[in-house]
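As stored in coords.cif (mmCIF, C-alpha atoms):
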```
data_query
loop_
_atom_site.label_atom_id
_atom_site.label_comp_id
_atom_site.auth_asym_id
_atom_site.auth_seq_id
_atom_site.Cartn_x
_atom_site.Cartn_y
_atom_site.Cartn_z
CA MET A 1 11.06 90.84 -101.97
CA LEU A 2 13.56 93.46 -100.96
CA THR A 3 11.95 93.87 -97.56
CA ARG A 4 12.11 90.14 -96.87
CA LEU A 5 15.75 89.64 -97.85
CA PRO A 6 17.40 90.79 -94.59
CA ALA A 7 15.19 88.41 -92.58
CA ALA A 8 16.11 85.50 -94.84
CA VAL A 9 19.80 86.28 -94.56
CA ALA A 10 19.49 86.51 -90.77
CA LEU A 11 17.64 83.20 -90.57
CA LEU A 12 20.16 81.52 -92.83
CA THR A 13 23.01 82.83 -90.67
CA VAL A 14 21.36 81.48 -87.53
CA VAL A 15 20.86 78.06 -89.15
CA LEU A 16 24.44 77.79 -90.39
CA THR A 17 26.09 78.95 -87.17
CA GLY A 18 23.87 77.56 -84.44
CA ALA A 19 22.01 74.53 -85.73
CA ALA A 20 24.90 71.99 -85.82
CA HIS A 21 28.11 71.30 -83.86
CA ALA A 22 31.16 71.90 -86.01
CA ALA A 23 33.51 68.89 -86.40
CA PRO A 24 36.95 69.21 -84.71
CA PRO A 25 40.13 69.62 -86.75
CA PRO A 26 41.09 66.47 -88.66
CA PRO A 27 43.29 63.93 -86.76
CA PRO A 28 46.39 62.41 -88.37
CA ASN A 29 45.59 60.10 -91.28
CA PRO A 30 48.38 57.50 -91.75
CA SER A 31 48.75 56.15 -95.25
CA ASP A 32 47.87 52.62 -96.27
CA THR A 33 51.56 51.97 -96.88
CA GLU A 34 52.45 53.00 -93.33
CA ILE A 35 49.71 50.81 -91.88
CA SER A 36 50.68 47.81 -94.03
CA ALA A 37 54.35 48.19 -93.12
CA SER A 38 53.47 48.42 -89.43
CA ARG A 39 51.29 45.32 -89.61
CA ALA A 40 53.99 43.41 -91.50
CA GLU A 41 56.56 44.32 -88.85
CA ALA A 42 54.22 43.17 -86.06
CA ASP A 43 53.51 39.92 -87.93
CA ALA A 44 57.25 39.32 -88.37
CA LYS A 45 57.87 39.92 -84.67
CA ALA A 46 55.00 37.59 -83.77
CA ALA A 47 56.46 34.90 -86.03
CA ARG A 48 59.86 35.40 -84.41
CA VAL A 49 58.30 35.11 -80.95
CA GLY A 50 56.58 31.90 -82.05
CA GLU A 51 59.86 30.50 -83.34
CA LEU A 52 61.70 31.42 -80.14
CA THR A 53 58.87 30.01 -78.05
CA GLY A 54 59.20 26.69 -79.85
CA ARG A 55 62.96 26.66 -79.43
CA LEU A 56 62.64 27.68 -75.78
CA THR A 57 60.15 24.88 -75.16
CA GLN A 58 62.61 22.40 -76.63
CA ALA A 59 65.48 23.93 -74.65
CA GLU A 60 63.50 23.79 -71.41
CA SER A 61 62.54 20.19 -72.14
CA ARG A 62 66.20 19.35 -72.76
CA LEU A 63 67.14 21.25 -69.61
CA GLN A 64 64.66 19.18 -67.59
CA GLU A 65 66.07 15.99 -69.13
CA LEU A 66 69.57 17.05 -68.16
CA LEU A 67 68.38 18.01 -64.68
CA ASP A 68 66.86 14.54 -64.31
CA ASP A 69 70.14 13.05 -65.53
CA VAL A 70 72.05 15.15 -63.00
CA SER A 71 69.70 13.97 -60.25
CA TYR A 72 70.18 10.35 -61.35
CA LYS A 73 73.97 10.69 -61.52
CA ARG A 74 74.02 12.42 -58.12
CA GLU A 75 72.02 9.59 -56.59
CA LEU A 76 74.40 7.06 -58.19
CA ALA A 77 77.27 9.01 -56.63
CA ASN A 78 75.40 8.88 -53.34
CA LYS A 79 75.01 5.11 -53.75
CA ALA A 80 78.71 4.78 -54.50
CA ARG A 81 79.52 6.80 -51.38
CA VAL A 82 77.32 4.53 -49.22
CA ASP A 83 78.82 1.39 -50.81
CA LEU A 84 82.34 2.70 -50.28
CA GLU A 85 81.65 3.40 -46.60
CA THR A 86 80.31 -0.15 -46.23
CA ALA A 87 83.36 -1.61 -48.01
CA ILE A 88 85.74 0.40 -45.81
CA SER A 89 83.95 -0.88 -42.70
CA GLU A 90 84.11 -4.49 -43.95
CA ALA A 91 87.81 -4.14 -44.80
CA GLU A 92 88.56 -2.73 -41.36
CA THR A 93 86.74 -5.68 -39.73
CA ALA A 94 88.71 -8.11 -41.92
CA ARG A 95 91.97 -6.41 -40.93
CA ARG A 96 91.14 -6.79 -37.24
CA GLU A 97 90.25 -10.47 -37.73
CA ALA A 98 93.44 -11.12 -39.72
CA SER A 99 95.49 -9.39 -37.06
CA ALA A 100 93.87 -11.47 -34.30
CA ALA A 101 94.44 -14.71 -36.25
CA ARG A 102 98.07 -13.78 -36.84
CA VAL A 103 98.52 -13.17 -33.11
CA GLN A 104 97.01 -16.59 -32.38
CA ALA A 105 99.30 -18.28 -34.90
CA ASP A 106 102.37 -16.51 -33.51
CA ALA A 107 101.44 -17.47 -29.93
CA ALA A 108 100.92 -21.10 -30.94
CA ALA A 109 104.26 -21.17 -32.76
CA GLU A 110 106.01 -19.73 -29.71
CA THR A 111 104.38 -22.35 -27.45
CA VAL A 112 105.48 -25.17 -29.79
CA GLU A 113 108.99 -23.80 -29.87
CA ARG A 114 109.11 -23.56 -26.07
CA SER A 115 107.86 -27.16 -25.73
CA ARG A 116 110.51 -28.36 -28.14
CA ARG A 117 113.20 -26.62 -26.16
CA GLU A 118 111.98 -28.27 -22.95
CA LEU A 119 112.03 -31.71 -24.61
CA ASP A 120 115.50 -31.06 -26.01
CA GLU A 121 116.70 -30.08 -22.53
CA PHE A 122 115.16 -33.22 -21.02
CA ALA A 123 116.72 -35.42 -23.68
CA ALA A 124 120.12 -33.84 -23.11
CA ALA A 125 119.83 -34.28 -19.37
CA SER A 126 118.74 -37.88 -19.77
CA TYR A 127 121.64 -38.60 -22.09
CA ALA A 128 124.08 -37.01 -19.68
CA GLN A 129 122.77 -39.36 -16.99
CA GLY A 130 123.44 -42.38 -19.19
CA SER A 131 119.92 -43.05 -20.35
CA THR A 132 118.15 -42.49 -23.63
CA VAL A 133 114.72 -41.02 -23.42
CA GLY A 134 112.11 -43.47 -24.49
CA SER A 135 114.63 -46.40 -24.92
CA PHE A 136 114.82 -49.70 -23.06
CA SER A 137 118.33 -48.88 -21.78
CA ALA A 138 116.82 -46.26 -19.49
CA PHE A 139 115.33 -49.12 -17.54
CA LEU A 140 118.48 -51.30 -17.63
CA GLY A 141 120.57 -48.50 -16.11
CA ALA A 142 118.45 -48.38 -12.98
CA LYS A 143 120.41 -49.19 -9.81
CA SER A 144 117.51 -49.91 -7.51
CA PRO A 145 113.76 -50.51 -7.68
CA GLU A 146 113.16 -46.93 -6.63
CA ASP A 147 115.42 -45.64 -9.42
CA LEU A 148 113.68 -47.87 -11.89
CA LEU A 149 110.27 -46.55 -10.79
CA ALA A 150 111.44 -42.92 -10.97
CA ARG A 151 112.76 -43.41 -14.50
CA ALA A 152 109.57 -45.14 -15.59
CA GLN A 153 107.51 -42.29 -14.19
CA LEU A 154 109.71 -39.76 -15.92
CA LEU A 155 109.36 -41.48 -19.28
CA GLU A 156 105.63 -41.78 -18.75
CA ALA A 157 105.44 -38.04 -17.99
CA VAL A 158 107.34 -37.24 -21.14
CA SER A 159 105.18 -39.45 -23.31
CA ALA A 160 101.87 -38.66 -21.66
CA SER A 161 102.42 -34.96 -20.99
CA SER A 162 105.16 -33.25 -22.91
CA LEU A 163 104.79 -35.20 -26.12
CA ASN A 164 101.02 -35.03 -25.98
CA ARG A 165 101.25 -31.37 -25.19
CA LEU A 166 103.54 -30.84 -28.14
CA GLU A 167 101.10 -32.68 -30.38
CA GLN A 168 98.18 -30.55 -29.13
CA VAL A 169 100.11 -27.32 -29.53
CA THR A 170 101.11 -28.38 -33.03
CA ARG A 171 97.45 -28.95 -33.84
CA ASP A 172 96.60 -25.58 -32.33
CA GLN A 173 99.29 -23.99 -34.41
CA GLY A 174 97.84 -25.57 -37.53
CA THR A 175 94.35 -24.35 -36.63
CA ALA A 176 95.64 -20.85 -35.96
CA ALA A 177 97.58 -20.91 -39.20
CA ASN A 178 94.43 -21.95 -41.03
CA LEU A 179 92.53 -19.11 -39.36
CA ASP A 180 95.31 -16.73 -40.30
CA ALA A 181 95.17 -17.88 -43.92
CA ALA A 182 91.37 -17.55 -44.00
CA ALA A 183 91.58 -14.11 -42.42
CA ARG A 184 94.20 -13.05 -44.95
CA ALA A 185 91.96 -14.25 -47.78
CA ALA A 186 88.99 -12.38 -46.29
CA LEU A 187 91.17 -9.27 -45.92
CA LYS A 188 92.30 -9.54 -49.55
CA LYS A 189 88.69 -9.88 -50.66
CA ALA A 190 87.58 -6.93 -48.51
CA GLU A 191 90.45 -4.76 -49.76
CA ASP A 192 89.60 -5.68 -53.37
CA LYS A 193 85.98 -4.78 -52.67
CA GLN A 194 87.05 -1.47 -51.14
CA ALA A 195 89.25 -0.70 -54.15
CA ALA A 196 86.38 -1.54 -56.52
CA ALA A 197 83.98 0.61 -54.50
CA ASP A 198 86.48 3.47 -54.49
CA GLU A 199 86.88 3.18 -58.26
CA ALA A 200 83.09 3.05 -58.68
CA LYS A 201 82.78 6.21 -56.59
CA LYS A 202 85.37 7.98 -58.75
CA THR A 203 83.53 6.89 -61.90
CA ALA A 204 80.18 8.01 -60.45
CA ASP A 205 81.66 11.35 -59.38
CA GLN A 206 83.10 11.91 -62.85
CA ALA A 207 79.79 11.00 -64.49
CA GLN A 208 78.02 13.39 -62.16
CA GLN A 209 80.43 16.20 -63.04
CA VAL A 210 79.93 15.59 -66.77
CA ALA A 211 76.15 15.65 -66.31
CA GLU A 212 76.33 18.82 -64.25
CA GLN A 213 78.55 20.52 -66.82
CA ALA A 214 76.07 19.61 -69.56
CA HIS A 215 73.23 20.93 -67.42
CA THR A 216 75.10 24.16 -66.70
CA ALA A 217 75.81 24.70 -70.40
CA GLN A 218 72.20 23.99 -71.31
CA ALA A 219 70.98 26.30 -68.55
CA ALA A 220 73.14 29.11 -69.94
CA ALA A 221 71.86 28.47 -73.47
CA THR A 222 68.28 28.34 -72.23
CA SER A 223 68.75 31.55 -70.27
CA GLU A 224 70.18 33.28 -73.34
CA LEU A 225 67.29 32.00 -75.44
CA GLN A 226 64.81 33.20 -72.80
CA ALA A 227 66.44 36.64 -72.87
CA ASP A 228 66.19 36.73 -76.68
CA LYS A 229 62.54 35.73 -76.52
CA GLU A 230 61.76 38.39 -73.92
CA ALA A 231 63.54 41.02 -76.03
CA VAL A 232 61.60 40.07 -79.16
CA GLU A 233 58.38 39.98 -77.14
CA ARG A 234 59.05 43.56 -76.08
CA GLU A 235 59.69 44.45 -79.70
CA LEU A 236 56.45 42.69 -80.62
CA VAL A 237 54.51 44.70 -78.06
CA ALA A 238 56.04 47.88 -79.44
CA ALA A 239 55.32 46.88 -83.03
CA GLN A 240 51.77 45.87 -82.17
CA GLY A 241 51.36 49.14 -80.32
CA GLN A 242 52.62 51.09 -83.31
CA ALA A 243 50.34 49.18 -85.68
CA SER A 244 47.42 49.57 -83.32
CA GLY A 245 48.21 53.26 -82.99
CA LEU A 246 48.23 53.82 -86.72
CA GLU A 247 45.06 51.78 -87.12
CA ALA A 248 43.45 53.76 -84.29
CA GLN A 249 44.48 57.00 -85.99
CA ARG A 250 42.91 55.74 -89.22
CA ARG A 251 39.68 54.85 -87.37
CA GLN A 252 39.64 58.25 -85.71
CA TYR A 253 40.20 59.91 -89.06
CA ASP A 254 37.41 57.85 -90.66
CA GLN A 255 35.08 58.80 -87.80
CA TRP A 256 36.06 62.44 -88.17
CA LEU A 257 35.52 62.28 -91.91
CA ALA A 258 32.09 60.71 -91.48
CA ALA A 259 31.16 63.35 -88.90
CA LYS A 260 32.45 66.07 -91.19
CA GLN A 261 30.43 64.79 -94.13
CA ALA A 262 27.34 64.45 -91.93
CA GLU A 263 27.87 68.01 -90.70
CA GLU A 264 28.19 69.37 -94.23
CA ALA A 265 25.10 67.48 -95.35
CA GLU A 266 23.12 68.74 -92.36
CA ASN A 267 24.25 72.31 -93.00
CA ALA A 268 23.27 72.06 -96.62
CA ARG A 269 19.86 70.65 -95.70
CA ARG A 270 19.25 73.34 -93.11
CA ALA A 271 20.46 76.06 -95.44
CA ALA A 272 18.01 74.93 -98.11
CA ALA A 273 15.20 74.75 -95.56
CA ALA A 274 16.02 78.22 -94.21
CA ALA A 275 16.09 79.70 -97.70
CA ALA A 276 12.71 78.21 -98.50
CA ALA A 277 11.24 79.44 -95.21
CA ALA A 278 12.58 82.94 -95.80
CA VAL A 279 10.82 83.15 -99.16
CA GLN A 280 7.48 81.88 -97.84
CA ALA A 281 7.35 83.54 -94.38
CA PRO A 282 5.20 86.76 -93.84
CA PRO A 283 7.18 89.97 -93.22
CA GLN A 284 6.08 90.30 -89.62
CA ALA A 285 6.86 86.67 -88.70
CA PRO A 286 9.83 86.63 -86.40
CA ALA A 287 12.35 83.95 -86.87
CA GLN A 288 11.96 81.31 -84.21
CA ARG A 289 14.40 78.66 -83.26
CA VAL A 290 13.09 75.19 -82.64
CA PRO A 291 14.32 73.87 -79.32
CA VAL A 292 16.60 70.90 -79.68
CA ALA A 293 16.38 68.10 -77.11
CA ALA A 294 19.59 67.45 -75.26
CA ALA A 295 21.30 64.17 -76.11
CA PRO A 296 21.26 61.68 -73.26
CA ALA A 297 24.41 61.63 -71.30
CA PRO A 298 26.52 58.68 -72.26
CA SER A 299 42.95 13.52 -43.13
CA GLY A 300 45.95 5.66 -40.30
CA ASN A 301 47.99 6.85 -37.21
CA ARG A 302 51.35 5.44 -38.50
CA VAL A 303 50.79 6.95 -41.91
CA GLN A 304 49.94 10.26 -40.29
CA THR A 305 53.07 10.02 -38.11
CA VAL A 306 55.26 9.60 -41.19
CA ILE A 307 53.49 12.45 -43.03
CA ASN A 308 53.65 14.74 -39.99
CA ARG A 309 57.38 14.14 -39.54
CA ALA A 310 58.03 14.97 -43.19
CA LEU A 311 55.80 18.06 -43.08
CA SER A 312 57.49 19.25 -39.90
CA GLN A 313 60.62 19.88 -41.96
CA ARG A 314 58.99 22.24 -44.47
CA GLY A 315 61.26 25.18 -45.10
CA VAL A 316 64.44 23.30 -44.10
CA ILE A 317 67.18 23.92 -46.66
CA TYR A 318 68.18 21.24 -49.17
CA ALA A 319 71.63 19.76 -48.53
CA TRP A 320 72.91 16.97 -50.78
CA GLY A 321 73.76 13.92 -48.67
CA GLY A 322 72.10 15.57 -45.66
CA GLY A 323 69.59 14.13 -43.20
CA ASN A 324 69.34 10.93 -41.19
CA TYR A 325 66.96 9.15 -38.80
CA TYR A 326 67.21 11.95 -36.25
CA GLY A 327 66.87 15.07 -38.38
CA PRO A 328 68.80 17.36 -40.74
CA THR A 329 72.60 17.09 -40.96
CA TYR A 330 75.41 18.76 -42.85
CA GLY A 331 75.48 17.92 -46.54
CA VAL A 332 78.51 16.40 -48.26
CA ARG A 333 80.65 17.53 -51.16
CA ASP A 334 79.74 16.33 -54.65
CA GLY A 335 82.32 18.22 -56.67
CA GLY A 336 79.66 19.97 -58.72
CA VAL A 337 76.25 21.60 -58.33
CA ALA A 338 75.83 20.85 -54.63
CA ASP A 339 79.26 22.33 -53.92
CA SER A 340 78.41 25.45 -55.93
CA TYR A 341 75.42 25.94 -53.62
CA GLY A 342 77.58 25.25 -50.56
CA ASP A 343 75.47 22.23 -49.52
CA TYR A 344 78.38 20.83 -47.49
CA ARG A 345 78.15 23.93 -45.28
CA LYS A 346 74.37 23.65 -44.84
CA ILE A 347 72.35 21.59 -42.38
CA GLY A 348 69.39 20.10 -44.20
CA PHE A 349 67.99 17.14 -46.15
CA ASP A 350 68.27 15.62 -49.56
CA CYS A 351 65.36 13.62 -50.98
CA SER A 352 66.32 10.23 -49.52
CA GLY A 353 67.46 11.79 -46.24
CA LEU A 354 63.98 13.26 -45.74
CA MET A 355 62.44 9.79 -46.25
CA MET A 356 64.87 8.34 -43.68
CA TYR A 357 63.71 10.86 -41.09
CA ALA A 358 59.99 10.51 -41.91
CA PHE A 359 59.84 6.71 -41.63
CA ALA A 360 62.17 6.47 -38.64
CA GLY A 361 59.23 7.87 -36.65
CA VAL A 362 57.46 4.50 -37.01
CA GLY A 363 60.57 2.35 -36.57
CA ILE A 364 61.41 1.89 -40.27
CA TYR A 365 65.08 2.67 -40.99
CA LEU A 366 65.79 3.22 -44.66
CA PRO A 367 69.21 3.42 -46.38
CA HIS A 368 70.40 6.81 -47.63
CA TYR A 369 69.86 6.14 -51.35
CA SER A 370 66.60 6.44 -53.28
CA GLY A 371 67.41 3.41 -55.47
CA TYR A 372 67.63 1.20 -52.35
CA GLN A 373 64.52 2.81 -50.89
CA TYR A 374 62.56 1.96 -54.05
CA ASN A 375 63.11 -1.75 -53.30
CA ALA A 376 62.48 -1.45 -49.55
CA GLY A 377 58.76 -2.29 -49.63
CA ARG A 378 55.79 -3.55 -51.63
CA LYS A 379 55.31 -2.19 -55.17
CA VAL A 380 51.88 -0.67 -55.83
CA PRO A 381 50.67 0.64 -59.25
CA LEU A 382 50.92 4.41 -59.52
CA ALA A 383 47.17 4.69 -60.10
CA GLN A 384 46.56 3.13 -56.66
CA MET A 385 48.96 5.29 -54.66
CA ALA A 386 47.77 6.38 -51.23
CA PRO A 387 49.00 8.82 -48.58
CA GLY A 388 52.25 7.58 -47.03
CA ASP A 389 53.52 5.91 -50.23
CA MET A 390 56.94 6.85 -51.63
CA ILE A 391 56.98 8.11 -55.23
CA PHE A 392 60.10 7.66 -57.37
CA TRP A 393 61.60 9.04 -60.58
CA GLY A 394 64.35 7.82 -62.89
CA PRO A 395 65.75 4.35 -63.66
CA GLY A 396 65.30 2.07 -60.68
CA GLY A 397 63.98 5.00 -58.66
CA GLY A 398 67.52 6.37 -58.54
CA THR A 399 66.79 9.99 -59.55
CA HIS A 400 64.40 11.32 -56.90
CA VAL A 401 61.95 10.27 -54.16
CA ALA A 402 59.04 12.08 -52.51
CA LEU A 403 56.24 11.24 -50.03
CA TYR A 404 52.66 11.22 -51.33
CA LEU A 405 50.21 13.26 -49.23
CA GLY A 406 47.00 12.61 -51.16
CA GLY A 407 44.96 14.87 -53.41
CA GLY A 408 47.69 14.90 -56.06
CA MET A 409 50.19 16.54 -53.67
CA MET A 410 53.53 15.40 -52.26
CA VAL A 411 56.24 16.62 -49.88
CA GLU A 412 59.84 16.55 -51.11
CA ALA A 413 63.37 17.89 -50.72
CA PRO A 414 63.71 18.87 -54.39
CA HIS A 415 67.20 20.12 -55.26
CA SER A 416 70.09 22.35 -54.23
CA GLY A 417 69.02 25.92 -53.58
CA ALA A 418 65.47 24.89 -52.65
CA VAL A 419 63.81 23.90 -49.37
CA VAL A 420 61.59 21.04 -48.21
CA ARG A 421 58.18 21.85 -49.69
CA ILE A 422 54.74 20.60 -50.74
CA SER A 423 54.36 20.25 -54.52
CA PRO A 424 51.91 18.80 -57.05
CA VAL A 425 52.94 15.33 -58.19
CA ARG A 426 55.10 15.59 -61.34
CA TYR A 427 54.45 12.80 -63.82
CA GLY A 428 57.37 13.36 -66.20
CA GLY A 429 59.86 10.50 -65.73
CA ILE A 430 57.85 9.04 -62.82
CA MET A 431 58.14 5.31 -62.06
CA PRO A 432 54.99 3.22 -62.75
CA TYR A 433 54.97 1.91 -59.18
CA VAL A 434 55.11 3.50 -55.75
CA THR A 435 56.67 1.80 -52.70
CA ARG A 436 54.38 1.07 -49.76
CA LEU A 437 55.96 0.39 -46.37
CA LEU A 438 52.91 0.83 -44.10
#
```
Spell out the structure here as structure tokens.
Amino acid sequence: MLTRLPAAVALLTVVLTGAAHAAPPPPPNPSDTEISASRAEADAKAARVGELTGRLTQAESRLQELLDDVSYKRELANKARVDLETAISEAETARREASAARVQADAAAETVERSRRELDEFAAASYAQGSTVGSFSAFLGAKSPEDLLARAQLLEAVSASSLNRLEQVTRDQGTAANLDAAARAALKKAEDKQAAADEAKKTADQAQQVAEQAHTAQAAATSELQADKEAVERELVAAQGQASGLEAQRRQYDQWLAAKQAEEAENARRAAAAAAAAVQAPPQAPAQRVPVAAAPAPSGNRVQTVINRALSQRGVIYAWGGGNYYGPTYGVRDGGVADSYGDYRKIGFDCSGLMMYAFAGVGIYLPHYSGYQYNAGRKVPLAQMAPGDMIFWGPGGGTHVALYLGGGMMVEAPHSGAVVRISPVRYGGIMPYVTRLL
């Protein structure tokens, strides 16, 4: 037994040191409390993100509603501007007509007055000669047949010419006076209409400003809410990362612990086997190591003309009030959003201006207001819309208009700060009918 002991010790040493790979040092092992706290923090952040997401969805929905209201109010202001221009033109025409009628009445009055003066002069001359115009004594005072004939001819001229002329001029004066009165009434009506249109424009402009202020306030609140959501989302990512990190450390520790336990068990098994082999092996038997296998390495022509004209303006800047039958024009001031974007300094289109240009290519001349354009043609159910139809949004089509291209796409001049572009059809707030002109 004494001679076998060194061999057994040597074999046991070989088994313990070379038969198994030692496990690495233990990784960090976070406590259950740390892991639970980290998970709770991540859950709280996730709940906060969910809450903010819900509020942001509502805010964005409200923002879109206010944007639609702004668009509607801007189009009403556009309508008021068009109506005011029409009223100013009508009033100017009425002023010219009233002025012309007044000139006619004054001329007729002057002619009547001149005729009266001539008659008065004739009467005075006749009286001075001893005759009374139109009386029988004018004939009795005649001194010869020739004198009698001359006086008869003179009286006949007065009655048949001057008096008749005076009567005609008087009638003309009455007619002119009637025309003057009618023209004055038309002028009063036109001026009242202009004043009403001007007041309507002021009211529409004020309503537009109120809507734009509400939209601006909501946009600021939505932006702030979006920033809060993004900040909490970043905190959520960090919290989830921390929780995941602690959980990963726990998994690594559990794997290390399992490997460590397996290593200790294997060492114990091999130690027992080596001890048994050392007792039973003959003295001359050299210790042999059993080789271990390596682990495996781990497309109508008119319709197309309209569409092509609209598409030819892609990329042109939006300008509120801009665009006409011939192309883009300077925008106009609106006292609000459009002015803040400097639309009045830009040459471009608004939504109805783009439609004016597109349809002018086939000889259809639309007014510069989407509400009027909505009633310019035949109404077709939305489900039956076809390329070349105009699509509208808002009450009476007064919020926005676009041209349908087919395949669920449209071309539009959307809003200040944007450009003419192709977009998918938006169904929120859309009118149930499209307008077909072709």
- Task: Enumerate, as a PyMOL selection string, the residues matched when the PyMOL selection byres ((chain A and resi 109) around 12) is run on the file above.
- Result: chain A and resi 102-108+110-116+166+168-177
Can you list, as a PDB file with C-alpha atoms, in the coordinates of the input, every protein, DNA or RNA residue that comes within 10 Å of Met385 of chain A when you count all atoms listed in the file, leaving out same-chain residues fewer than 6 positions away?
```pdb
ATOM      1  CA  LYS A 379      55.310  -2.190 -55.170  1.00  0.00           C
ATOM      2  CA  ILE A 391      56.980   8.110 -55.230  1.00  0.00           C
ATOM      3  CA  TYR A 404      52.660  11.220 -51.330  1.00  0.00           C
ATOM      4  CA  LEU A 405      50.210  13.260 -49.230  1.00  0.00           C
ATOM      5  CA  GLY A 406      47.000  12.610 -51.160  1.00  0.00           C
ATOM      6  CA  GLY A 408      47.690  14.900 -56.060  1.00  0.00           C
ATOM      7  CA  TYR A 433      54.970   1.910 -59.180  1.00  0.00           C
ATOM      8  CA  VAL A 434      55.110   3.500 -55.750  1.00  0.00           C
ATOM      9  CA  THR A 435      56.670   1.800 -52.700  1.00  0.00           C
ATOM     10  CA  ARG A 436      54.380   1.070 -49.760  1.00  0.00           C
TER      11      ARG A 436
END
```
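Rounded to one decimal, atom CA of Gly323 of chain A and atom CA of Ser352 of chain A lie 8.1 Å from each other.
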- Task: Decode the PyMOL selection byres ((chain A and resi 53) around 12) for the given file into explicit residues and return them as a list in words.
- Result: Lys45, Ala46, Ala47, Arg48, Val49, Gly50, Glu51, Leu52, Gly54, Arg55, Leu56, Thr57, Gln58, Ala59, Glu60, Thr222, Leu225, Gln226, Ala227, Asp228, Lys229, Glu230, Val232 and Glu233 of chain A
File of the preceding selection, C-alpha atoms, as a short mmCIF file (atom, residue, chain, number, x, y, z; two decimals), in the frame of the given file:
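Result saved to out_2.cif:
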```cif
data_model
loop_
_atom_site.label_atom_id
_atom_site.label_comp_id
_atom_site.auth_asym_id
_atom_site.auth_seq_id
_atom_site.Cartn_x
_atom_site.Cartn_y
_atom_site.Cartn_z
CA LYS A 45 57.87 39.92 -84.67
CA ALA A 46 55.00 37.59 -83.77
CA ALA A 47 56.46 34.90 -86.03
CA ARG A 48 59.86 35.40 -84.41
CA VAL A 49 58.30 35.11 -80.95
CA GLY A 50 56.58 31.90 -82.05
CA GLU A 51 59.86 30.50 -83.34
CA LEU A 52 61.70 31.42 -80.14
CA GLY A 54 59.20 26.69 -79.85
CA ARG A 55 62.96 26.66 -79.43
CA LEU A 56 62.64 27.68 -75.78
CA THR A 57 60.15 24.88 -75.16
CA GLN A 58 62.61 22.40 -76.63
CA ALA A 59 65.48 23.93 -74.65
CA GLU A 60 63.50 23.79 -71.41
CA THR A 222 68.28 28.34 -72.23
CA LEU A 225 67.29 32.00 -75.44
CA GLN A 226 64.81 33.20 -72.80
CA ALA A 227 66.44 36.64 -72.87
CA ASP A 228 66.19 36.73 -76.68
CA LYS A 229 62.54 35.73 -76.52
CA GLU A 230 61.76 38.39 -73.92
CA VAL A 232 61.60 40.07 -79.16
CA GLU A 233 58.38 39.98 -77.14
#
```
- Which of these, A:Leu366, A:Ile422, A:Leu257, A:Met431, has the shortest distance to Ala383 of chain A once you count all atoms listed in the file? A:Met431
Write out as a Markdown table a residue-level contact list of segment 367-405 of chain A versus segment 66-89 of chain A with cut-off 10 Å: for each qualifying residue the closest pair of atoms and the distance in Å to one decimal, counting only C-alpha atoms, rows sorted by chain and residue number upward.
```
| residue | atom | partner | partner_atom | distance |
| --- | --- | --- | --- | --- |
| A:Pro367 | CA | A:Val82 | CA | 8.7 |
| A:His368 | CA | A:Val82 | CA | 7.5 |
| A:Tyr369 | CA | A:Lys79 | CA | 5.8 |
| A:Ser370 | CA | A:Glu75 | CA | 7.1 |
| A:Gly371 | CA | A:Glu75 | CA | 7.8 |
| A:Tyr372 | CA | A:Lys79 | CA | 8.5 |
| A:Trp393 | CA | A:Asp68 | CA | 8.5 |
| A:Gly394 | CA | A:Tyr72 | CA | 6.5 |
| A:Pro395 | CA | A:Tyr72 | CA | 7.8 |
| A:Gly396 | CA | A:Tyr72 | CA | 9.6 |
| A:Gly397 | CA | A:Tyr72 | CA | 8.6 |
| A:Gly398 | CA | A:Tyr72 | CA | 5.6 |
| A:Thr399 | CA | A:Tyr72 | CA | 3.9 |
| A:His400 | CA | A:Ser71 | CA | 6.8 |
```
- Query: What gap, in Å, lies between atom CA of Arg426 of chain A and atom CA of Phe392 of chain A?
  - Reply: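 Interatomic distance here is 10.2 Å.
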- Separation of atom CA of Arg333 of chain A from atom CA of Gly417 of chain A, in Å and rounded to one decimal: 14.5 Å
- Message: Neighbouring residues of Phe349 of chain A were defined as those with any atom within 9 Å, considering all atoms listed in the file; residues of the same chain fewer than 3 positions away were excluded. Please report them as a PyMOL selection string.
- Response: chain A and resi 313+316-324+327-331+352-354+413+419-420
- Selected residue, from A:Ser31, A:Leu437, A:Ala98, A:Ile430, that lies nearest to Leu179 of chain A when counting all atoms listed in the file: A:Ala98
